Structure formats: C-alpha cells, structure tokens
Amino acid sequence: MKIPALATIVILSLFIPAIATAQSLESGPLLTIQSNDGSLHLGVYDSQIHSGVVQTSPCDGGLVTDAYVLQGGSPTGCDNGDNYETSQKPGLFKFVGTGYEFDVTTFYQFGGCNSTGNTGPIEPICASPDSGFLQVTNNGSTNFTGTITLSGNSPIAGGQYCAVGGMASDSFTGTLTPGQSRVFGLAPDSSNCGGYNAPQTQTLTPGSTAIFPVGTDDYELAALDNAGGEQISILPIPVLQSVLNPGSNSSNTFSPGTKFSSFSCAPYGDYSEAGNPECTEFQLTCAGASDCEQFLYTATTHYSFPVGFPGLGGPGFLKASGQSCPSTAFDKNIFEFYSQDTTHRGGSGGLSCFVAAFTPGAPPVQTASSFEGFEVTVSDTKLNPIIGGLPVPLFWDYNQPNLTVCSNPAGTGCTAPWVYPSSIQIACPNGPPVPPNPMPISVSRLLNFGPGENGLTEYFFFWLTQRHSKGCTSVVLTFDNGLSVVPAQFKYIF
C-alpha cells in the first residue's frame, strides 16, 4: 500500500556533497530499466531488495539487514567475509505495472559470471573468488526493448577486485523476451570495494519535472522558473529511525538537530525490515547552469510505510541547508502538504539534504497542509487576468496565527513568524521565455481573520500592482521557516 507524500518549493543551490562517511548507511548499487520509447523508467537500490531473512552484519557493530546482498550484506560496505557473504539468502524485488512485470533477484556466490554481451568497464565480470550478481527476468507478456543497467560508485577502486576509478557499471541494450533473463555484476569481488552509492542525474528543461524512481517510491522535482540545462542529482541515504534500532550509532541514525528535536523521520517500507524501521534522507545537488542557486521548484516524495506502521501526525519536511546527508543540522521546515496516499510536499530555497518527518505522539492524519491558497477570486489552475495599477485581492490560509509582512527575503529586521511577498516573471502562453527577475511587491495591510474551518489562520491583503505592467507573472510567498509557495499565475491585460 502506497502511503505518504511531502512536497516543497525550493531554490536550488550549487552544492556538492561529501561522500557519506564510512559508518553511514549506503544507497547500495542501483538497477535501472529504461525502455527505448521512454514509456518505462524504473529503478531500485540494493538497499531496497530484501531476502526476508534478517541477520546481523558481522562487520557492522550490530546492524541488522536482509538487504545489501550485492555488497556482501553490509549496509556500510565493510567486508563480512566469504562464508557470511555466500550464505546470504537471495534478495527479491518485483516491478509490476500496466504492460510490464520484471522479477529481480540478487545473490552472492563463488564463481560465475555476468551475461555474455553486457557492456561496462569490466567485461566479463566473473567472481574471484566470490561476488554479488543480480538477475532480471521479464515475466511480462510482451517484449521489453531498451537498456538495463546495474551501477554504483565505490570508494575502493581498481586493483584485482574493483572497477577502475570506482565507477562500476554493467549494461545490456536490446530486447528481453517474455521469460528471458539477464545477469549483471559490479566487480570480481563486490564486497571488497567499500560498498556502493549510486546517485541519479537528470537534466531539466524549462518548467519540466524530473521523476527519480526509487523502488516502488519516487522523488519528484518540478521546476517553476528555471532556464533549463540544470543537472539535478539525487542520492538516497538510508538512516535508522531511532537509537532503538539494532546497531544504532551517531553516524547511521536520524538526528534532526536542536532546532527540530521534536521530530522523527518517516519510515520507508522499501528500506525497512521487521523491527528495524529505516528512513531516507535525500541529497539533492544542481550543476551545469547559472540559475542553480535561484530557481524555484516543488519537491515531492512518494513512499510506502512499513507493514504495521499506524500512520503519522504533525508532518514536516525538513531541510539541512548546505549540508551533506546524513545530517544533524536541519534548519528549515519547508512542509506544505501531506497525504497518506503517498505524498510529502514542500518548498524553500537551496538544494541540500531533505527528509520526510513527523511528530511522534501526534494523532495520525489522512491529510495535512501548512498553506492553502489563493482563494475566492483567484484561480490556482488557470491564468488570471489583471490590470496594472489596480489592486488584486489575495486570500490565503497559513498554519501560523500572527504573521507580519517582511520587506526582505532574509528576514532582516523582521520578527518571526513573517511572510515576504514577491513576484517572478513567467512566460505567457505561446510567448517567448523570460528571465524570472524576482522582485518584491507592494501589498496593503495584512488582515488576519483568525482560524478557518481547515484549522489554518485566514489572511488577506491587496497586491498593489504597478501601472503599465505587462506580460505574465506569479506571486511568491516566502515564510520565515524557509517555505516558499507559488500559488497562481497572472497576466496583465491592459
């Protein structure tokens, strides 16, 4: 059962994370399945492929897992030794949807090689003496034509056991008929390379949405005012939910820091074992474009709860500005929306480390919002015609009762909680691209009507538009907690 989603609007920053420390948990290698026609884009990490037999990893100080078979059963990439590695039960995962079904099996064995005809830096990949392999079987009713790749980056590179430069990959491009299988590997001894992390990268076009598949979950980034060409990378880093998890230490366990000490992280079913709930912190980075530090986006994570988890209340979407994952310095709560059908959503400025969170002890909820609007006279789905020089009434709801208007986005000289109203230029329908040109807007006195039926405080002000304004624009509301929302689009008609 799919369960929660968090979303958020954010301004990207050019931030390159450090590789996770040796004792932090790793993403594990990544399997991707991409059809030639672009209709199918699947991905799953070794950390999400479970055998159902939970064991203590001998080299990991008490950590337990039934995943990470490809890297010898160690969540941190240490070497568990041949006897343990080859005694692991196979990990199993299934992709199934309209028109496709793939069964994935991971196993660790003495001897054996990957499938003939695969391509990669090491071909063939044969166990020496033992190594991890992954098999993909097309159990659907139709042919699959495209590319299947197993990849990961390891801290130990080259030599007798590992890929040159630590950049391991093994790919097949062609057709997989119903019932046909392919076997993939990483290195001659994949447990001897220090484990694997595998970021995913996509390049944005203006206003596009990048969807990163993470098992049965995904992470979406919808750009709002970008120029295009931004290379967005995501790396999921699993963390133990609490110090009660076996093998917990400060490097592998969620810790929100002092500012949000009342929060816990939301457990992901794909990463958890029975009695061992795990969460995922997502490292997002941007490169390749001049607006990496400026453009706004909405980020959403979809995931499923572990079996038996009752749901969550008091949801949050935490951000650690300029920090690598895992982080203990979350400084923003950019939460905007949660639903128990799979959604956490929020928004803010600057890419870094993000995590879906909740308040332990709060009653579970089906849905929750921190912001709703604009309302009444403004459409959030259609372009709103306005006249330059005339005031535009804006009604909206927020989860803080005593907001004031701040004149700058940094909050200098303002007392929290505050809101900073601004605007960005957007391209009109069938019009040419335009630069965002963010700038403050003039508003009337902020009116507070108290709590509404949704439990949020109702606010109102007039947007005092400038005479002779032209083109199309969006209003941006930035709050002191880091959340930014872009609720509606407008077009000057006179």
# chains A, B, ... in the order shown; residues from 1 in each chain; ligands from 1

call {"tool": "residues_around", "arguments": {"residues": "region 461-468 of chain A", "least_positions_apart": "5", "cutoff": "7 Å", "atoms": "only C-alpha atoms", "output": "list in words"}}
result
Gly388, Gly389, Leu390, Pro391, Val392, Pro393, Leu394, Phe395, Ser442, Val443, Ser444, Arg445, Leu446 and Leu447 of chain A

call {"tool": "residues_around", "arguments": {"residues": "region 127-140 of chain A", "least_positions_apart": "4", "cutoff": "9 Å", "atoms": "only C-alpha atoms", "output": "ChimeraX atom specification"}}
result
/A:31,69-72,82,85-86,96,99-114,144,148,150,160-161,176-192

call {"tool": "closest_residue", "arguments": {"among": "A:Asp79, A:Gly316, A:Gln294, A:Ala299", "to": "Cys59 (chain A)", "atoms": "only C-alpha atoms"}}
result
A:Asp79

call {"tool": "atom_distance", "arguments": {"atom1": "CA of Leu284 (chain A)", "atom2": "CA of Asp218 (chain A)"}}
result
13.5 Å

call {"tool": "residues_around", "arguments": {"residues": "Thr65 (chain A)", "least_positions_apart": "5", "cutoff": "12 Å", "atoms": "only C-alpha atoms", "output": "ChimeraX atom specification"}}
result
/A:25,46-58,60,72-76,88-89,91,238,240,245-247,271-278

call {"tool": "write_last_selection", "arguments": {"atoms": "N, CA and C atoms", "output": "short mmCIF file (atom, residue, chain, number, x, y, z; two decimals), in the first residue's frame"}}
result
data_model
loop_
_atom_site.label_atom_id
_atom_site.label_comp_id
_atom_site.auth_asym_id
_atom_site.auth_seq_id
_atom_site.Cartn_x
_atom_site.Cartn_y
_atom_site.Cartn_z
N LEU A 25 25.04 4.59 6.46
CA LEU A 25 24.48 3.59 5.56
C LEU A 25 24.59 4.08 4.12
N ASP A 46 20.00 -1.66 -4.13
CA ASP A 46 20.30 -2.90 -3.40
C ASP A 46 19.78 -2.83 -1.96
N SER A 47 19.72 -1.64 -1.39
CA SER A 47 19.21 -1.46 -0.03
C SER A 47 17.70 -1.68 0.06
N GLN A 48 17.01 -1.77 -1.09
CA GLN A 48 15.57 -1.97 -1.13
C GLN A 48 15.19 -3.39 -1.54
N ILE A 49 16.17 -4.23 -1.84
CA ILE A 49 15.92 -5.59 -2.31
C ILE A 49 16.15 -6.55 -1.14
N HIS A 50 15.09 -7.13 -0.64
CA HIS A 50 15.13 -7.87 0.63
C HIS A 50 14.99 -9.37 0.42
N SER A 51 15.68 -10.13 1.29
CA SER A 51 15.58 -11.59 1.26
C SER A 51 14.50 -12.12 2.18
N GLY A 52 14.13 -11.34 3.19
CA GLY A 52 13.18 -11.81 4.20
C GLY A 52 13.84 -12.50 5.37
N VAL A 53 15.16 -12.69 5.31
CA VAL A 53 15.90 -13.31 6.41
C VAL A 53 16.82 -12.24 7.01
N VAL A 54 16.39 -11.67 8.12
CA VAL A 54 17.13 -10.57 8.75
C VAL A 54 18.28 -11.15 9.56
N GLN A 55 19.49 -10.64 9.31
CA GLN A 55 20.68 -11.12 10.01
C GLN A 55 21.49 -9.93 10.52
N THR A 56 22.34 -10.19 11.49
CA THR A 56 23.28 -9.19 11.96
C THR A 56 24.51 -9.19 11.08
N SER A 57 24.85 -8.04 10.52
CA SER A 57 26.05 -7.92 9.69
C SER A 57 27.28 -7.96 10.59
N PRO A 58 28.14 -8.98 10.47
CA PRO A 58 29.23 -9.17 11.42
C PRO A 58 30.19 -7.99 11.54
N ASP A 60 29.54 -4.80 11.13
CA ASP A 60 28.84 -3.52 11.26
C ASP A 60 28.40 -3.18 12.67
N GLY A 72 27.70 -7.79 -0.20
CA GLY A 72 28.09 -8.73 0.84
C GLY A 72 27.29 -8.66 2.11
N GLY A 73 26.12 -7.99 2.09
CA GLY A 73 25.26 -7.95 3.26
C GLY A 73 25.62 -6.91 4.28
N SER A 74 26.49 -5.97 3.92
CA SER A 74 26.88 -4.91 4.84
C SER A 74 26.25 -3.59 4.40
N PRO A 75 25.43 -2.94 5.25
CA PRO A 75 24.85 -1.65 4.89
C PRO A 75 25.87 -0.53 4.76
N THR A 76 27.06 -0.67 5.35
CA THR A 76 28.07 0.38 5.29
C THR A 76 29.19 0.06 4.32
N GLN A 88 24.20 -15.79 2.34
CA GLN A 88 23.01 -14.93 2.30
C GLN A 88 21.92 -15.55 1.43
N LYS A 89 20.69 -15.39 1.87
CA LYS A 89 19.57 -15.78 1.04
C LYS A 89 19.39 -14.74 -0.08
N GLY A 91 18.04 -11.90 -2.45
CA GLY A 91 17.11 -10.79 -2.32
C GLY A 91 16.14 -10.79 -3.49
N PRO A 238 19.93 5.93 3.36
CA PRO A 238 19.10 5.38 4.45
C PRO A 238 19.67 5.76 5.82
N LEU A 240 18.76 4.84 10.16
CA LEU A 240 17.92 4.18 11.15
C LEU A 240 17.00 5.21 11.77
N ASN A 245 16.93 1.15 17.17
CA ASN A 245 17.28 0.20 16.12
C ASN A 245 18.57 -0.53 16.48
N PRO A 246 18.67 -1.81 16.18
CA PRO A 246 19.93 -2.55 16.43
C PRO A 246 21.09 -1.90 15.68
N GLY A 247 22.21 -1.77 16.37
CA GLY A 247 23.41 -1.23 15.74
C GLY A 247 23.41 0.27 15.57
N TYR A 271 12.81 0.34 2.55
CA TYR A 271 14.13 0.27 3.18
C TYR A 271 14.11 -0.47 4.52
N SER A 272 12.93 -0.75 5.05
CA SER A 272 12.83 -1.27 6.41
C SER A 272 12.69 -2.79 6.43
N GLU A 273 13.16 -3.38 7.52
CA GLU A 273 12.88 -4.78 7.82
C GLU A 273 11.98 -4.83 9.05
N ALA A 274 11.40 -5.99 9.33
CA ALA A 274 10.57 -6.15 10.52
C ALA A 274 11.38 -5.81 11.77
N GLY A 275 10.86 -4.88 12.56
CA GLY A 275 11.54 -4.47 13.78
C GLY A 275 12.72 -3.55 13.56
N ASN A 276 12.93 -3.10 12.32
CA ASN A 276 14.08 -2.25 12.02
C ASN A 276 13.65 -1.15 11.05
N PRO A 277 12.83 -0.18 11.52
CA PRO A 277 12.35 0.87 10.63
C PRO A 277 13.48 1.80 10.19
N GLU A 278 13.52 2.05 8.89
CA GLU A 278 14.53 2.94 8.34
C GLU A 278 13.87 4.06 7.54
#

call {"tool": "residues_around", "arguments": {"residues": "region 219-225 of chain A", "least_positions_apart": "5", "cutoff": "8 Å", "atoms": "only C-alpha atoms", "output": "count of residues only"}}
result
22

call {"tool": "residues_around", "arguments": {"residues": "Gly288 (chain A)", "least_positions_apart": "5", "cutoff": "10 Å", "atoms": "only C-alpha atoms", "output": "list in words"}}
result
Leu14, Thr203, Gly228, Gly229, Glu230, Gln231 and Ile232 of chain A

call {"tool": "residues_around", "arguments": {"residues": "Ser171 (chain A)", "least_positions_apart": "3", "cutoff": "6 Å", "atoms": "only C-alpha atoms", "output": "PDB file with C-alpha atoms, in the first residue's frame"}}
result
ATOM      1  CA  ASN A 118      26.812  -6.950 -21.447  1.00  0.00           C
ATOM      2  CA  THR A 119      28.924  -3.801 -21.603  1.00  0.00           C
ATOM      3  CA  ILE A 148      19.065  -2.360 -18.257  1.00  0.00           C
ATOM      4  CA  THR A 149      21.973  -1.157 -16.099  1.00  0.00           C
TER       5      THR A 149
END

call {"tool": "closest_atom_pairs", "arguments": {"of": "region 315-343 of chain A", "to": "region 249-257 of chain A", "cutoff": "8 Å", "atoms": "only C-alpha atoms", "output": "Markdown table"}}
result
| residue | atom | partner | partner_atom | distance |
| --- | --- | --- | --- | --- |
| A:Pro326 | CA | A:Phe254 | CA | 7.5 |
| A:Ser327 | CA | A:Ser255 | CA | 7.2 |
| A:Thr328 | CA | A:Gly257 | CA | 4.8 |
| A:Ala329 | CA | A:Gly257 | CA | 5.1 |
| A:Phe330 | CA | A:Pro256 | CA | 5.6 |

call {"tool": "select_by_dssp", "arguments": {"residues": "region 387-452 of chain A", "states": "strand (DSSP E or B)", "output": "list in words"}}
result
Pro391, Val392, Pro393, Leu394, Phe395, Trp396, Asp397, Tyr398, Thr404, Val405, Trp418, Val419, Tyr420, Pro421, Ser422, Ser423, Ile424, Gln425, Ile426, Met439, Pro440, Val443, Leu447, Asn448, Phe449, Gly450 and Pro451 of chain A

call {"tool": "atom_distance", "arguments": {"atom1": "CA of His344 (chain A)", "atom2": "CA of Thr367 (chain A)"}}
result
9.8 Å

call {"tool": "decode", "arguments": {"residues": "region 465-481 of chain A", "atoms": "all heavy atoms", "output": "mmCIF file, in the first residue's frame"}}
result
data_model
loop_
_atom_site.group_PDB
_atom_site.id
_atom_site.type_symbol
_atom_site.label_atom_id
_atom_site.label_comp_id
_atom_site.auth_asym_id
_atom_site.auth_seq_id
_atom_site.Cartn_x
_atom_site.Cartn_y
_atom_site.Cartn_z
ATOM 1 N N THR A 465 -0.567 46.350 -7.639
ATOM 2 C CA THR A 465 0.175 46.218 -8.895
ATOM 3 C C THR A 465 0.597 47.586 -9.427
ATOM 4 O O THR A 465 0.001 48.618 -9.100
ATOM 5 C CB THR A 465 -0.667 45.495 -9.957
ATOM 6 O OG1 THR A 465 -1.823 46.286 -10.246
ATOM 7 C CG2 THR A 465 -1.118 44.133 -9.452
ATOM 8 N N GLN A 466 1.630 47.569 -10.258
ATOM 9 C CA GLN A 466 2.172 48.793 -10.832
ATOM 10 C C GLN A 466 1.519 49.106 -12.170
ATOM 11 O O GLN A 466 1.237 48.200 -12.960
ATOM 12 C CB GLN A 466 3.688 48.657 -11.020
ATOM 13 C CG GLN A 466 4.446 48.360 -9.738
ATOM 14 C CD GLN A 466 4.285 49.451 -8.706
ATOM 15 O OE1 GLN A 466 4.542 50.633 -8.983
ATOM 16 N NE2 GLN A 466 3.859 49.081 -7.500
ATOM 17 N N ARG A 467 1.275 50.386 -12.414
ATOM 18 C CA ARG A 467 0.709 50.797 -13.698
ATOM 19 C C ARG A 467 1.665 50.471 -14.838
ATOM 20 O O ARG A 467 2.886 50.418 -14.660
ATOM 21 C CB ARG A 467 0.422 52.295 -13.690
ATOM 22 C CG ARG A 467 -0.636 52.733 -12.687
ATOM 23 C CD ARG A 467 -0.883 54.219 -12.781
ATOM 24 N NE ARG A 467 -1.407 54.595 -14.101
ATOM 25 C CZ ARG A 467 -1.596 55.844 -14.498
ATOM 26 N NH1 ARG A 467 -1.302 56.857 -13.683
ATOM 27 N NH2 ARG A 467 -2.078 56.101 -15.700
ATOM 28 N N HIS A 468 1.083 50.209 -15.998
ATOM 29 C CA HIS A 468 1.820 49.937 -17.233
ATOM 30 C C HIS A 468 2.583 48.602 -17.182
ATOM 31 O O HIS A 468 3.466 48.371 -18.010
ATOM 32 C CB HIS A 468 2.792 51.081 -17.568
ATOM 33 C CG HIS A 468 2.177 52.442 -17.534
ATOM 34 N ND1 HIS A 468 1.090 52.792 -18.318
ATOM 35 C CD2 HIS A 468 2.474 53.542 -16.776
ATOM 36 C CE1 HIS A 468 0.756 54.047 -18.073
ATOM 37 N NE2 HIS A 468 1.564 54.525 -17.124
ATOM 38 N N SER A 469 2.278 47.750 -16.233
ATOM 39 C CA SER A 469 2.922 46.428 -16.188
ATOM 40 C C SER A 469 2.414 45.581 -17.347
ATOM 41 O O SER A 469 1.257 45.677 -17.762
ATOM 42 C CB SER A 469 2.618 45.742 -14.858
ATOM 43 O OG SER A 469 3.176 46.467 -13.783
ATOM 44 N N LYS A 470 3.285 44.730 -17.868
ATOM 45 C CA LYS A 470 2.940 43.878 -18.996
ATOM 46 C C LYS A 470 3.424 42.453 -18.748
ATOM 47 O O LYS A 470 4.229 42.196 -17.855
ATOM 48 C CB LYS A 470 3.570 44.422 -20.283
ATOM 49 C CG LYS A 470 3.076 45.801 -20.690
ATOM 50 C CD LYS A 470 3.744 46.265 -21.967
ATOM 51 C CE LYS A 470 3.249 47.648 -22.381
ATOM 52 N NZ LYS A 470 3.909 48.117 -23.628
ATOM 53 N N GLY A 471 2.928 41.540 -19.585
ATOM 54 C CA GLY A 471 3.383 40.162 -19.538
ATOM 55 C C GLY A 471 2.662 39.333 -18.501
ATOM 56 O O GLY A 471 1.546 39.649 -18.073
ATOM 57 N N CYS A 472 3.321 38.264 -18.085
ATOM 58 C CA CYS A 472 2.741 37.329 -17.128
ATOM 59 C C CYS A 472 3.653 37.204 -15.912
ATOM 60 O O CYS A 472 4.876 37.356 -16.019
ATOM 61 C CB CYS A 472 2.545 35.961 -17.777
ATOM 62 S SG CYS A 472 1.339 35.955 -19.153
ATOM 63 N N THR A 473 3.034 36.904 -14.782
ATOM 64 C CA THR A 473 3.800 36.888 -13.535
ATOM 65 C C THR A 473 3.164 35.936 -12.535
ATOM 66 O O THR A 473 1.998 35.557 -12.673
ATOM 67 C CB THR A 473 3.869 38.309 -12.927
ATOM 68 O OG1 THR A 473 4.753 38.328 -11.818
ATOM 69 C CG2 THR A 473 2.487 38.762 -12.461
ATOM 70 N N SER A 474 3.935 35.524 -11.562
ATOM 71 C CA SER A 474 3.438 34.732 -10.432
ATOM 72 C C SER A 474 3.818 35.428 -9.137
ATOM 73 O O SER A 474 4.895 36.030 -9.036
ATOM 74 C CB SER A 474 4.028 33.322 -10.424
ATOM 75 O OG SER A 474 3.471 32.512 -11.430
ATOM 76 N N VAL A 475 2.940 35.344 -8.158
ATOM 77 C CA VAL A 475 3.233 35.851 -6.827
ATOM 78 C C VAL A 475 3.890 34.733 -6.009
ATOM 79 O O VAL A 475 3.429 33.586 -6.031
ATOM 80 C CB VAL A 475 1.956 36.345 -6.122
ATOM 81 C CG1 VAL A 475 2.224 36.667 -4.660
ATOM 82 C CG2 VAL A 475 1.424 37.585 -6.840
ATOM 83 N N VAL A 476 4.958 35.072 -5.311
ATOM 84 C CA VAL A 476 5.683 34.121 -4.461
ATOM 85 C C VAL A 476 5.556 34.587 -3.013
ATOM 86 O O VAL A 476 5.806 35.757 -2.710
ATOM 87 C CB VAL A 476 7.168 34.038 -4.850
ATOM 88 C CG1 VAL A 476 7.892 33.021 -3.969
ATOM 89 C CG2 VAL A 476 7.328 33.697 -6.315
ATOM 90 N N LEU A 477 5.164 33.676 -2.129
ATOM 91 C CA LEU A 477 5.149 33.968 -0.696
ATOM 92 C C LEU A 477 6.245 33.139 -0.029
ATOM 93 O O LEU A 477 6.236 31.908 -0.105
ATOM 94 C CB LEU A 477 3.789 33.635 -0.077
ATOM 95 C CG LEU A 477 2.577 34.403 -0.614
ATOM 96 C CD1 LEU A 477 1.315 33.987 0.139
ATOM 97 C CD2 LEU A 477 2.778 35.910 -0.528
ATOM 98 N N THR A 478 7.186 33.822 0.608
ATOM 99 C CA THR A 478 8.285 33.154 1.302
ATOM 100 C C THR A 478 8.117 33.391 2.802
ATOM 101 O O THR A 478 7.944 34.541 3.239
ATOM 102 C CB THR A 478 9.641 33.700 0.836
ATOM 103 O OG1 THR A 478 9.780 33.469 -0.570
ATOM 104 C CG2 THR A 478 10.785 33.010 1.570
ATOM 105 N N PHE A 479 8.186 32.304 3.576
ATOM 106 C CA PHE A 479 7.945 32.383 5.018
ATOM 107 C C PHE A 479 9.255 32.215 5.789
ATOM 108 O O PHE A 479 10.256 31.703 5.270
ATOM 109 C CB PHE A 479 6.932 31.318 5.432
ATOM 110 C CG PHE A 479 5.583 31.493 4.782
ATOM 111 C CD1 PHE A 479 5.290 30.860 3.578
ATOM 112 C CD2 PHE A 479 4.619 32.304 5.359
ATOM 113 C CE1 PHE A 479 4.045 31.018 2.968
ATOM 114 C CE2 PHE A 479 3.377 32.475 4.754
ATOM 115 C CZ PHE A 479 3.092 31.832 3.559
ATOM 116 N N ASP A 480 9.229 32.609 7.048
ATOM 117 C CA ASP A 480 10.446 32.597 7.857
ATOM 118 C C ASP A 480 11.010 31.204 8.069
ATOM 119 O O ASP A 480 12.197 31.034 8.318
ATOM 120 C CB ASP A 480 10.183 33.255 9.214
ATOM 121 C CG ASP A 480 9.112 32.526 10.004
ATOM 122 O OD1 ASP A 480 7.921 32.738 9.728
ATOM 123 O OD2 ASP A 480 9.457 31.737 10.891
ATOM 124 N N ASN A 481 10.174 30.160 7.959
ATOM 125 C CA ASN A 481 10.675 28.793 8.146
ATOM 126 C C ASN A 481 11.370 28.244 6.916
ATOM 127 O O ASN A 481 11.877 27.119 6.929
ATOM 128 C CB ASN A 481 9.540 27.856 8.558
ATOM 129 C CG ASN A 481 8.452 27.745 7.498
ATOM 130 O OD1 ASN A 481 8.532 28.364 6.444
ATOM 131 N ND2 ASN A 481 7.418 26.963 7.795
#
